[in-house]
Amino acid sequence: MTDTARFERADFQTDQEVRWCPGCGDYTILATVQNYLAALGADREKHVFISGIGCSSRFPYYMNTYGMHSIHGRAPAVASGVAAANPDLTVWVVTGDGDALSIGGNHLIHALRRNINIKILMFNNQIYGLTKGQYSPTSEVGKRTKSSPFGSLDYPFNPVSLALGAEATFVARTIDMDRKHSAEIIDAAYRHEGAAFVEIYQNCNVFNDKAFAILTGREEREDNRIYLEHGKPIVFGKNGEHGVVIGPTGARIVDVASVGIDAVQVHDATQAEPEVAFALSRLAHGPSGPTPIGVFRAVVRPSYNRLMQEQLAEAQAQKGPGDLKALLRSGGSWTTN
Amino acid sequence: MSEDTATQDLPAPEKVDRVVIRFAGDSGDGMQLAGNQFTASSALFGNDLATLPNFPAEIRAPAGTLPGVSSFQVHIADWDILTPGDNPDCLIAMNPAALRANLGDVEKGGLVIINSDAFEERNLAKAGYDISPLDDDSLAAYHVMAAPMEDLTKEAVKDTGVKGRLVLRSKNFFALGLVSWMYGRSLEPVAAWLTDKFGAESPVAAANVAALHAGYNFGITTEEFHHRFEIQPAPLPAGEYTNVTGNQALAWGLIVGAQAVKLPLFYGSYPITPASSILEELARHKNFGVRTFQAEDEIAAAGIALGASFAGHLGVTGTSGPGIALKSETISLALMTELPMVIVNVQRAGPSTGMPTKVEQADLLMALFGRHGESPLPVVAAATPSDAFATAIEATRIAVKYMTPVILMSDGYIANSSEPWLLPDVDAIGDLSVPFAMTANNGDGFLPYLRDPETLARPWAVPGTPGLEHRLGGLEKEELTGNVSYDPVNHERMTIVREDKVNRIARDIPDLETHGADGADLLVIGWGSTYGALRAGVNRANGAGLKAAHIHLRHLHPFPANLEDVLRSHELVLVPELNRGQLSKLLRADFLIDAISYPKIQGTPFKANEIETKIHELLRSDR
């Protein structure tokens with residue numbers, strides 16, 4: 001990070017009143033992002049926040065950068081256009097579980113497979129908030145909401161598994177309340193070349209309060225947050241007494257004492273193939289028990305925008321700059337007198 | 001045997017001023033290719049021409065069946081023609097299905113050239129013939145000439161090295177060679193094209209060239225083919241010409257238009273018939289700085305184009321009707337954020353999947369009104385294949401000058417047809433650019449919705465410009481600041497200003513010029529690809545002593561300022577359209593005039609004689 005004294009958080013705030021419900025996790029994430037960019041000494045004009053529709057998608061209005069509050073589900077598409085048109089910009093997508101995984105699911109997976117240079121912050125609160133409390137594609141089966149009074153029948157997505165399945169080159173998860181960890185993950189996403197997918201567990205205190213209590217409660221959190229740190233054995237618990245091993249049938253949780261620390265999986269986010277990252281993502285299908293937090297996967301693959309620039313440069317090198325007069329004659333021409 | 005020496009003892013060709021030829025066969029028979037090559041040699045010869053390809057939506061419908069028939073019609077003349085011709089004077093039928101599907105269109109007494117090898121039991125049955133039409137008198141009204149094209153092709157290619165199924169692939173070139181003989185076309189351009197395409201050493205090129213010559217020579221040596229025709233070059237205005245299809249011209253217009261507004265062209269699209277070849281054409285021209293993005297779906301294609309516009313490019317998305325339906329929410333966002341964008345609709349017959357390869361103009365009302373909320377935007381339409389070039393530039397000019405999405409209407413007929421095009425002077429197009437906002441416009445601050453007093457366009461500040469950071473979005477905007485606003489009076493004011501901005505474009509487009517008889521009793525008004533048929537129909541009616549006039553709209557919203565005056569200066573207003581009367585509804589609603597709708601909805605263009613007949617009918621019943 002450079003030039004850290006250049007900006008304060010206030011430089012990234014707008015004059016618009018922030019209108020999320022009091023106590024919403026979105027406030028925390030907004031503060032984290034504003035503080036992060038100020039600390040980064042980022043040029044405001046080079047950051048673009050694109051959102052879809054939903055509570056989280058009001059985010060761009062509160063960021064003193066360029067931004068667009070677009071259409072439900074379509075933020076990855078609009079952001080892809082911005083990023084492909086101008087690779088010098090940092091393009092962020094702020095989206096929610098409904099916006100990204102339901103109405104916008106198609107754009108999300110294609111942006112990820114293309115590895116276009118956009119940074120997707122998906123606030124997952126496992127509920128539809130803006131429309132006042134219907135179940136979302138990450139709500140648990142059986143969830144009773146206004147639109148599922150007898151319990152939801154929908155099997156939920158595991159967003160990290162989905163992103164890995166789409167062969168995203170950067171996949172991570174963090175928690176709104178853990179500001180330090182969120183900032184680290186956002187920084188890693190910012191520095192990654194290509195599409196970065198960050199799932200942020202975000203509490204909706206009005207329609208789905210305490211959905212992540214097991215990961216945020218003072219009593220429970222140390223036994224349930226499995227921090228993934230590159231190059232370190234995957235252990236958790238108050239004294240690091242639990243660990244994760246990868247076996248032929250996937251990942252499982254063990255007592256470190258019973259298997260020995262050498263048997264515990266050492267986290268490597270840079271593995272070319274996504275199998276191990278996927279196995280880790282299957283440890284928790286929603287925050288109902290020990291849940292991995294951190295960077296699951298960060299691999300190098302050229303971004304779509306870079307490849308597009310290279311292709312343009314190559315075409316110009318081979319054919320020379322475009323000649324309109326020659327273009328109109330490219331199918332052959334004849335002259336009459 | 002050279003072309004000259006071999007023919008000196010034969011009867012001289014009959015001079016005709018025009019001919020309509022239709023190549024018809026199975027969709028795997030290469031009829032589009034044969035037709036295109038015949039067109040290319042006719043263009044080089046200097047004829048005026050117009051073409052009409054007609055093919056099934058299926059890539060290969062079952063061979064030999066009626067749904068599998070593909071055809072290519074070309075009209076060549078020694079004078080300025082406007083349409084691909086109403087009825088063929090000459091039909092080439094490669095199999096019984098092609099004969100059955102097309103014979104009804106052929107002029108009585110016209111030539112029917114038949115590949116007799118394909119008229120065997122199985123093919124006849126597939127086409128629904130109990131008895132071969134070659135064996136009864138069902139073709140008595142035509143001049144039928146049969147050639148065993150398959151046997152002769154096999155014989156011709158036997159030393160070229162092609163084997164198996166490839167052998168008969170060359171039979172379209174045999175047919176092309178024979179027709180080239182009949183109409184005095186040189187084989188040189190076709191042979192050169194084949195060598196260029198497949199390489200000089202290629203057996204495929206050799207086989208096709210051999211079949212081409214065999215067809216030509218068969219004409220020379222077979223007496224029934226000795227009645228030939230000659231069509232002199234047309235006295236077109238002097239200058240340099242090329243033969244261009246509508247989608248090609250449209251793509252080139254976007255490239256030239258983007259340069260005129262000094263913006264990089266960014267085309268986001270999802271393949272769809274009949275718009276895909278715009279994407280394919282633009283993808284070839286990356287050296288012009290053209291970015292093409294094949295998106296995951298129609299919605300993404302529009303979103304990507306809009307994102308590119310936000311970032312300071314000319315964002316364009318192209319599709320057909322079903323794609324427009326999917327893009328409509330994004331078009332509304334472009335309208336609300338007041339960003340420039342061009343949306344191309346290459347219309348096809350609908351609704352739903354409809355008839356994807358057939359022409360229709362039924363998306364006009366969708367272009368004007370097919371969005372939620374009050375959402376007016378400019379709509380322009382191309383009239384001919386080459387006119388798609390100028391129309392694309394006009395759409396670009398309006399989009400950038402007025403900061404608005406613009407819908408550009410074309411259709412499947414314009415897209416795939418071709419015509420000779422007097423090359424425009426690209427330098428004369430000039431500078432149509434509008435500079436980006438670079439500095440604050442309100443003290444130290446930036447008001448993204450502070451409008452130009454003349455055009456009502458808002459300033460365009462692109463991401464990356466320091467000090468002008470601002471947020472756009474789909475929520476209603478407060479005037480000047482662009483902040484979110486639910487204020488009732490503000491909403492009404494913003495709705496009206498968006499409408500007013502678009503209406504003001506009427507001041508910035510040329511008046512309509514009426515073609516035809518002075519003081520005409522009847523005005524024919526149209527838009528889009530009906531141009532040729534309408535113009536020719538009016539000319540013919542006037543030639544027969546009637547008094548009719550024609551205007552053709554490029555600008556469908558807003559209308560040119562003098563439209564009402566023009567309409568009111570004629571007693572009768574006839575509105576032929578390939579839909580159920582959409583423009584006529586607009587004219588009635590806007591001007592309270594008794595416009596007479598003439599709808600056609602058969603997936604095929606109007607014929608000039610249909611228009612002429614209608615004019616006769618109206619003027620006769622009126623007198």
# chains A, B, ... in the order shown; residues from 1 in each chain; ligands from 1
call {"tool": "closest_atom_pairs", "arguments": {"of": "chain B", "to": "chain A", "cutoff": "6 Å", "atoms": "only C-alpha atoms", "output": "CSV"}}
result
residue,atom,partner,partner_atom,distance
B:Ala238,CA,A:Asn337,CA,4.5
B:Gly239,CA,A:Thr335,CA,5.4
B:Glu240,CA,A:Thr335,CA,4.2
B:Tyr241,CA,A:Trp334,CA,5.3
B:Thr242,CA,A:Ser333,CA,4.4
B:Lys286,CA,A:Leu312,CA,5.5
B:Asn287,CA,A:Gln316,CA,4.3
B:Phe288,CA,A:Gly322,CA,4.3
B:Ala300,CA,A:Ala77,CA,5.1
B:Gly303,CA,A:Val78,CA,4.5
B:Ile304,CA,A:Gly81,CA,4.0
B:Ala305,CA,A:Gly81,CA,5.9
B:Gly307,CA,A:Gly81,CA,4.2
B:Ala308,CA,A:Gly81,CA,4.5
B:Ala311,CA,A:Val82,CA,5.3
B:Pro463,CA,A:Tyr66,CA,5.9
B:Gly464,CA,A:Glu45,CA,4.7
B:Thr465,CA,A:Glu45,CA,5.8
B:Pro466,CA,A:Glu45,CA,5.2
B:Glu469,CA,A:Tyr66,CA,4.8
B:His470,CA,A:Tyr66,CA,5.1
B:Arg471,CA,A:Gly67,CA,4.5
B:Leu472,CA,A:Met68,CA,4.7
B:Gly473,CA,A:His69,CA,4.2
B:Gly474,CA,A:Ser70,CA,6.0
call {"tool": "write_last_selection", "arguments": {"atoms": "N, CA and C atoms", "output": "compact mmCIF listing (two decimals), in the first residue's frame"}}
result
# COMPACT_ATOMS: atom_id res chain seq x y z
N ALA B 238 -21.46 7.52 -62.71
CA ALA B 238 -20.04 7.19 -62.78
C ALA B 238 -19.44 7.14 -61.39
N GLY B 239 -18.51 6.23 -61.21
CA GLY B 239 -17.84 6.15 -59.92
C GLY B 239 -17.44 4.73 -59.60
N GLU B 240 -16.96 4.56 -58.39
CA GLU B 240 -16.47 3.25 -57.98
C GLU B 240 -17.56 2.55 -57.16
N TYR B 241 -17.79 1.29 -57.51
CA TYR B 241 -18.87 0.52 -56.88
C TYR B 241 -18.32 -0.71 -56.19
N THR B 242 -19.08 -1.13 -55.18
CA THR B 242 -18.85 -2.48 -54.67
C THR B 242 -20.22 -3.12 -54.47
N LYS B 286 -10.57 -5.91 -36.06
CA LYS B 286 -9.99 -5.45 -34.80
C LYS B 286 -8.90 -4.41 -35.02
N ASN B 287 -8.31 -4.41 -36.22
CA ASN B 287 -7.26 -3.41 -36.45
C ASN B 287 -7.82 -1.99 -36.53
N PHE B 288 -9.16 -1.86 -36.60
CA PHE B 288 -9.77 -0.54 -36.49
C PHE B 288 -10.03 -0.18 -35.03
N ALA B 300 -26.91 -9.86 -21.36
CA ALA B 300 -25.51 -9.52 -21.07
C ALA B 300 -24.93 -8.68 -22.21
N GLY B 303 -25.99 -5.25 -21.63
CA GLY B 303 -25.34 -4.71 -20.44
C GLY B 303 -23.88 -4.38 -20.69
N ILE B 304 -23.21 -5.25 -21.42
CA ILE B 304 -21.80 -5.05 -21.73
C ILE B 304 -21.64 -3.81 -22.63
N ALA B 305 -22.54 -3.68 -23.61
CA ALA B 305 -22.47 -2.50 -24.48
C ALA B 305 -22.70 -1.22 -23.67
N GLY B 307 -22.15 -0.82 -20.44
CA GLY B 307 -20.96 -0.61 -19.61
C GLY B 307 -19.84 0.04 -20.41
N ALA B 308 -19.68 -0.42 -21.66
CA ALA B 308 -18.64 0.17 -22.52
C ALA B 308 -18.95 1.64 -22.79
N ALA B 311 -18.01 3.72 -19.97
CA ALA B 311 -16.56 3.90 -19.92
C ALA B 311 -16.03 4.73 -21.08
N PRO B 463 -15.43 7.46 -16.48
CA PRO B 463 -14.58 7.00 -15.39
C PRO B 463 -13.11 7.15 -15.77
N GLY B 464 -12.33 7.60 -14.83
CA GLY B 464 -10.93 7.90 -15.09
C GLY B 464 -10.68 9.40 -15.12
N THR B 465 -11.76 10.19 -15.23
CA THR B 465 -11.60 11.64 -15.26
C THR B 465 -11.60 12.17 -13.82
N PRO B 466 -10.47 12.73 -13.36
CA PRO B 466 -10.39 13.17 -11.96
C PRO B 466 -11.37 14.31 -11.68
N GLU B 469 -16.16 12.44 -10.48
CA GLU B 469 -16.77 11.20 -10.02
C GLU B 469 -18.26 11.43 -9.77
N HIS B 470 -19.06 10.51 -10.25
CA HIS B 470 -20.50 10.62 -10.03
C HIS B 470 -21.11 9.23 -10.17
N ARG B 471 -22.34 9.12 -9.71
CA ARG B 471 -23.04 7.85 -9.73
C ARG B 471 -24.26 7.96 -10.62
N LEU B 472 -24.40 6.96 -11.50
CA LEU B 472 -25.59 6.87 -12.32
C LEU B 472 -26.42 5.69 -11.82
N GLY B 473 -27.64 5.58 -12.33
CA GLY B 473 -28.43 4.43 -11.92
C GLY B 473 -29.83 4.49 -12.47
N GLY B 474 -30.55 3.42 -12.23
CA GLY B 474 -31.88 3.31 -12.78
C GLY B 474 -32.95 4.04 -11.98
call {"tool": "residues_around", "arguments": {"residues": "A:Phe278", "least_positions_apart": "6", "cutoff": "9 Å", "atoms": "only C-alpha atoms", "output": "list in words"}}
result
Val160, Ser161, Leu164, Gly165, Gly250 and Phe296 of chain A
call {"tool": "write_last_selection", "arguments": {"atoms": "N, CA and C atoms", "output": "compact mmCIF listing (two decimals), in the first residue's frame"}}
result
# COMPACT_ATOMS: atom_id res chain seq x y z
N VAL A 160 -19.45 -20.52 -2.77
CA VAL A 160 -18.03 -20.80 -3.03
C VAL A 160 -17.89 -22.01 -3.95
N SER A 161 -18.69 -23.05 -3.70
CA SER A 161 -18.65 -24.22 -4.59
C SER A 161 -19.02 -23.83 -6.01
N LEU A 164 -16.20 -21.98 -7.68
CA LEU A 164 -15.12 -22.90 -8.03
C LEU A 164 -15.53 -23.76 -9.22
N GLY A 165 -16.79 -24.14 -9.25
CA GLY A 165 -17.28 -24.93 -10.38
C GLY A 165 -17.20 -24.16 -11.69
N GLY A 250 -13.00 -36.58 0.19
CA GLY A 250 -13.18 -35.15 0.40
C GLY A 250 -12.51 -34.68 1.67
N PHE A 296 -9.91 -19.43 -0.85
CA PHE A 296 -9.95 -20.83 -1.25
C PHE A 296 -9.04 -21.08 -2.44
call {"tool": "residues_around", "arguments": {"residues": "A:Lys119", "least_positions_apart": "5", "cutoff": "6 Å", "atoms": "only C-alpha atoms", "output": "ChimeraX atom specification"}}
result
/A:92-93,195-196
call {"tool": "atom_distance", "arguments": {"atom1": "atom CA of B:Leu236", "atom2": "atom CA of B:Leu553"}}
result
24.3 Å
call {"tool": "select_by_dssp", "arguments": {"residues": "stretch 210-247 of chain A", "states": "helix (DSSP H, G or I)", "output": "list of chain:residue names"}}
result
A:Ala213, A:Ile214, A:Leu215, A:Thr216, A:Arg221, A:Glu222, A:Asp223, A:Asn224
call {"tool": "residues_around", "arguments": {"residues": "stretch 34-48 of chain B", "least_positions_apart": "5", "cutoff": "9 Å", "atoms": "only C-alpha atoms", "output": "VMD selection string"}}
result
(chain A and resid 332 to 336) or (chain B and resid 21 to 23 53 71 to 81 172 to 173 175 to 176 179 to 180 185 to 190 193 231 to 236 241 to 243 418 to 420)
call {"tool": "write_last_selection", "arguments": {"atoms": "C-alpha atoms", "output": "PDB file, in the first residue's frame"}}
result
ATOM      1  CA  GLY A 332     -13.738  -5.966 -54.603  1.00  0.00           C
ATOM      2  CA  SER A 333     -14.872  -2.906 -56.536  1.00  0.00           C
ATOM      3  CA  TRP A 334     -15.381  -1.742 -60.116  1.00  0.00           C
ATOM      4  CA  THR A 335     -15.511   1.648 -61.747  1.00  0.00           C
ATOM      5  CA  THR A 336     -18.006   2.971 -64.275  1.00  0.00           C
TER       6      THR A 336
ATOM      7  CA  ILE B  21     -32.864 -15.716 -62.133  1.00  0.00           C
ATOM      8  CA  ARG B  22     -33.549 -17.993 -59.204  1.00  0.00           C
ATOM      9  CA  PHE B  23     -31.197 -20.777 -58.173  1.00  0.00           C
ATOM     10  CA  PRO B  53     -31.620 -15.114 -50.641  1.00  0.00           C
ATOM     11  CA  SER B  71     -32.992 -20.454 -53.059  1.00  0.00           C
ATOM     12  CA  PHE B  72     -31.184 -17.359 -54.217  1.00  0.00           C
ATOM     13  CA  GLN B  73     -32.796 -14.883 -56.564  1.00  0.00           C
ATOM     14  CA  VAL B  74     -30.877 -12.272 -58.471  1.00  0.00           C
ATOM     15  CA  HIS B  75     -32.254  -9.514 -60.655  1.00  0.00           C
ATOM     16  CA  ILE B  76     -29.799  -8.092 -63.180  1.00  0.00           C
ATOM     17  CA  ALA B  77     -30.474  -5.277 -65.570  1.00  0.00           C
ATOM     18  CA  ASP B  78     -28.973  -2.684 -67.855  1.00  0.00           C
ATOM     19  CA  TRP B  79     -30.919   0.024 -65.982  1.00  0.00           C
ATOM     20  CA  ASP B  80     -31.398   1.193 -62.451  1.00  0.00           C
ATOM     21  CA  ILE B  81     -33.477  -1.442 -60.688  1.00  0.00           C
ATOM     22  CA  ASN B 172     -23.775 -26.319 -58.117  1.00  0.00           C
ATOM     23  CA  PHE B 173     -20.780 -25.107 -60.104  1.00  0.00           C
ATOM     24  CA  ALA B 175     -25.287 -25.311 -62.839  1.00  0.00           C
ATOM     25  CA  LEU B 176     -23.507 -21.991 -62.398  1.00  0.00           C
ATOM     26  CA  VAL B 179     -26.301 -20.347 -66.405  1.00  0.00           C
ATOM     27  CA  SER B 180     -23.166 -18.278 -66.990  1.00  0.00           C
ATOM     28  CA  ARG B 185     -21.120 -14.187 -67.864  1.00  0.00           C
ATOM     29  CA  SER B 186     -17.376 -14.777 -67.762  1.00  0.00           C
ATOM     30  CA  LEU B 187     -16.150 -17.732 -65.698  1.00  0.00           C
ATOM     31  CA  GLU B 188     -12.937 -15.934 -64.850  1.00  0.00           C
ATOM     32  CA  PRO B 189     -14.065 -14.203 -61.626  1.00  0.00           C
ATOM     33  CA  VAL B 190     -15.560 -17.438 -60.284  1.00  0.00           C
ATOM     34  CA  TRP B 193     -12.478 -16.829 -56.379  1.00  0.00           C
ATOM     35  CA  ILE B 231     -27.814  -7.880 -70.592  1.00  0.00           C
ATOM     36  CA  GLN B 232     -25.656  -4.827 -71.152  1.00  0.00           C
ATOM     37  CA  PRO B 233     -23.982  -2.959 -68.300  1.00  0.00           C
ATOM     38  CA  ALA B 234     -26.287  -0.463 -66.620  1.00  0.00           C
ATOM     39  CA  PRO B 235     -25.634   3.269 -67.042  1.00  0.00           C
ATOM     40  CA  LEU B 236     -25.171   3.748 -63.320  1.00  0.00           C
ATOM     41  CA  TYR B 241     -18.866   0.520 -56.882  1.00  0.00           C
ATOM     42  CA  THR B 242     -18.854  -2.480 -54.666  1.00  0.00           C
ATOM     43  CA  ASN B 243     -21.490  -5.124 -54.070  1.00  0.00           C
ATOM     44  CA  SER B 418     -27.035  -7.210 -51.847  1.00  0.00           C
ATOM     45  CA  GLU B 419     -26.865  -4.385 -54.336  1.00  0.00           C
ATOM     46  CA  PRO B 420     -24.164  -2.387 -56.106  1.00  0.00           C
TER      47      PRO B 420
END
call {"tool": "closest_residue", "arguments": {"among": "B:Asn123, B:Ala61, B:Arg291, B:Ser116", "to": "A:Leu307", "atoms": "only C-alpha atoms"}}
result
B:Arg291
call {"tool": "select_by_dssp", "arguments": {"residues": "stretch 218-314 of chain A", "states": "strand (DSSP E)", "output": "PyMOL selection string"}}
result
chain A and resi 225-228+235-236+242-247+250-255+291-298
call {"tool": "write_last_selection", "arguments": {"atoms": "C-alpha atoms", "output": "tab-separated table (two decimals), in the first residue's frame"}}
result
chain	number	residue	atom	x	y	z
A	225	ARG	CA	-14.26	-20.23	11.94
A	226	ILE	CA	-11.78	-22.23	9.94
A	227	TYR	CA	-9.29	-19.63	8.72
A	228	LEU	CA	-7.61	-20.65	5.49
A	235	VAL	CA	-6.40	-25.82	12.09
A	236	PHE	CA	-9.02	-24.09	14.20
A	242	HIS	CA	-9.21	-29.16	15.34
A	243	GLY	CA	-7.85	-29.60	11.85
A	244	VAL	CA	-8.86	-30.47	8.30
A	245	VAL	CA	-7.58	-33.44	6.35
A	246	ILE	CA	-8.25	-34.17	2.69
A	247	GLY	CA	-8.99	-37.80	2.00
A	250	GLY	CA	-13.18	-35.15	0.40
A	251	ALA	CA	-12.38	-32.91	3.33
A	252	ARG	CA	-13.16	-33.82	6.91
A	253	ILE	CA	-12.62	-32.36	10.33
A	254	VAL	CA	-10.38	-34.21	12.75
A	255	ASP	CA	-8.80	-33.75	16.15
A	291	THR	CA	-16.97	-23.01	8.11
A	292	PRO	CA	-13.85	-22.14	6.12
A	293	ILE	CA	-13.10	-18.43	5.86
A	294	GLY	CA	-10.37	-16.98	3.65
A	295	VAL	CA	-8.98	-17.44	0.16
A	296	PHE	CA	-9.95	-20.83	-1.25
A	297	ARG	CA	-8.31	-20.35	-4.61
A	298	ALA	CA	-6.03	-17.78	-6.22
call {"tool": "atom_distance", "arguments": {"atom1": "atom CA of A:Ala168", "atom2": "atom CA of B:Ala301"}}
result
20.7 Å
call {"tool": "atom_distance", "arguments": {"atom1": "atom CA of A:Gly217", "atom2": "atom CA of A:Thr95"}}
result
25.1 Å
call {"tool": "residues_around", "arguments": {"residues": "B:Leu250", "least_positions_apart": "2", "cutoff": "8 Å", "atoms": "only C-alpha atoms", "output": "list in words"}}
result
Gly246, Asn247, Gln248, Trp252, Gly253, Leu254, Ile278, Ser386, Ala388, Phe389, Thr391 and Ala392 of chain B
call {"tool": "closest_residue", "arguments": {"among": "B:Ile393, B:Leu99, B:Leu450, B:Leu432", "to": "B:Glu478", "atoms": "only C-alpha atoms"}}
result
B:Leu450
call {"tool": "residues_around", "arguments": {"residues": "B:Pro405", "least_positions_apart": "4", "cutoff": "9 Å", "atoms": "only C-alpha atoms", "output": "list in words"}}
result
Ile331, Ser332, Ala334, Leu335, Glu338, Leu339, Pro340, Met341, Val342, Ile343, Leu377, Pro378, Ala395, Ile398, Ala399 and Val400 of chain B
call {"tool": "closest_residue", "arguments": {"among": "B:Ala260, B:Ser485, B:Ile429, B:Glu513", "to": "B:Ala561", "atoms": "only C-alpha atoms"}}
result
B:Glu513
call {"tool": "residues_around", "arguments": {"residues": "B:Val497", "least_positions_apart": "6", "cutoff": "12 Å", "atoms": "only C-alpha atoms", "output": "list in words"}}
result
Leu335, Met336, Glu338, Glu374, Ser375, Pro376, Tyr449, Leu450, Arg451, Asp452, Pro453, Thr455, Leu456, Ala457, Arg458, Lys477, Glu478, Glu479, Leu480, Asn490, His491, Asn503 and Arg504 of chain B
call {"tool": "closest_residue", "arguments": {"among": "B:Asp425, B:Glu329, B:Glu360, B:Asp196", "to": "B:Gln602", "atoms": "only C-alpha atoms"}}
result
B:Glu360
call {"tool": "closest_residue", "arguments": {"among": "B:Tyr402, B:Tyr270, B:Phe559, B:Tyr486", "to": "B:Ile509", "atoms": "only C-alpha atoms"}}
result
B:Phe559
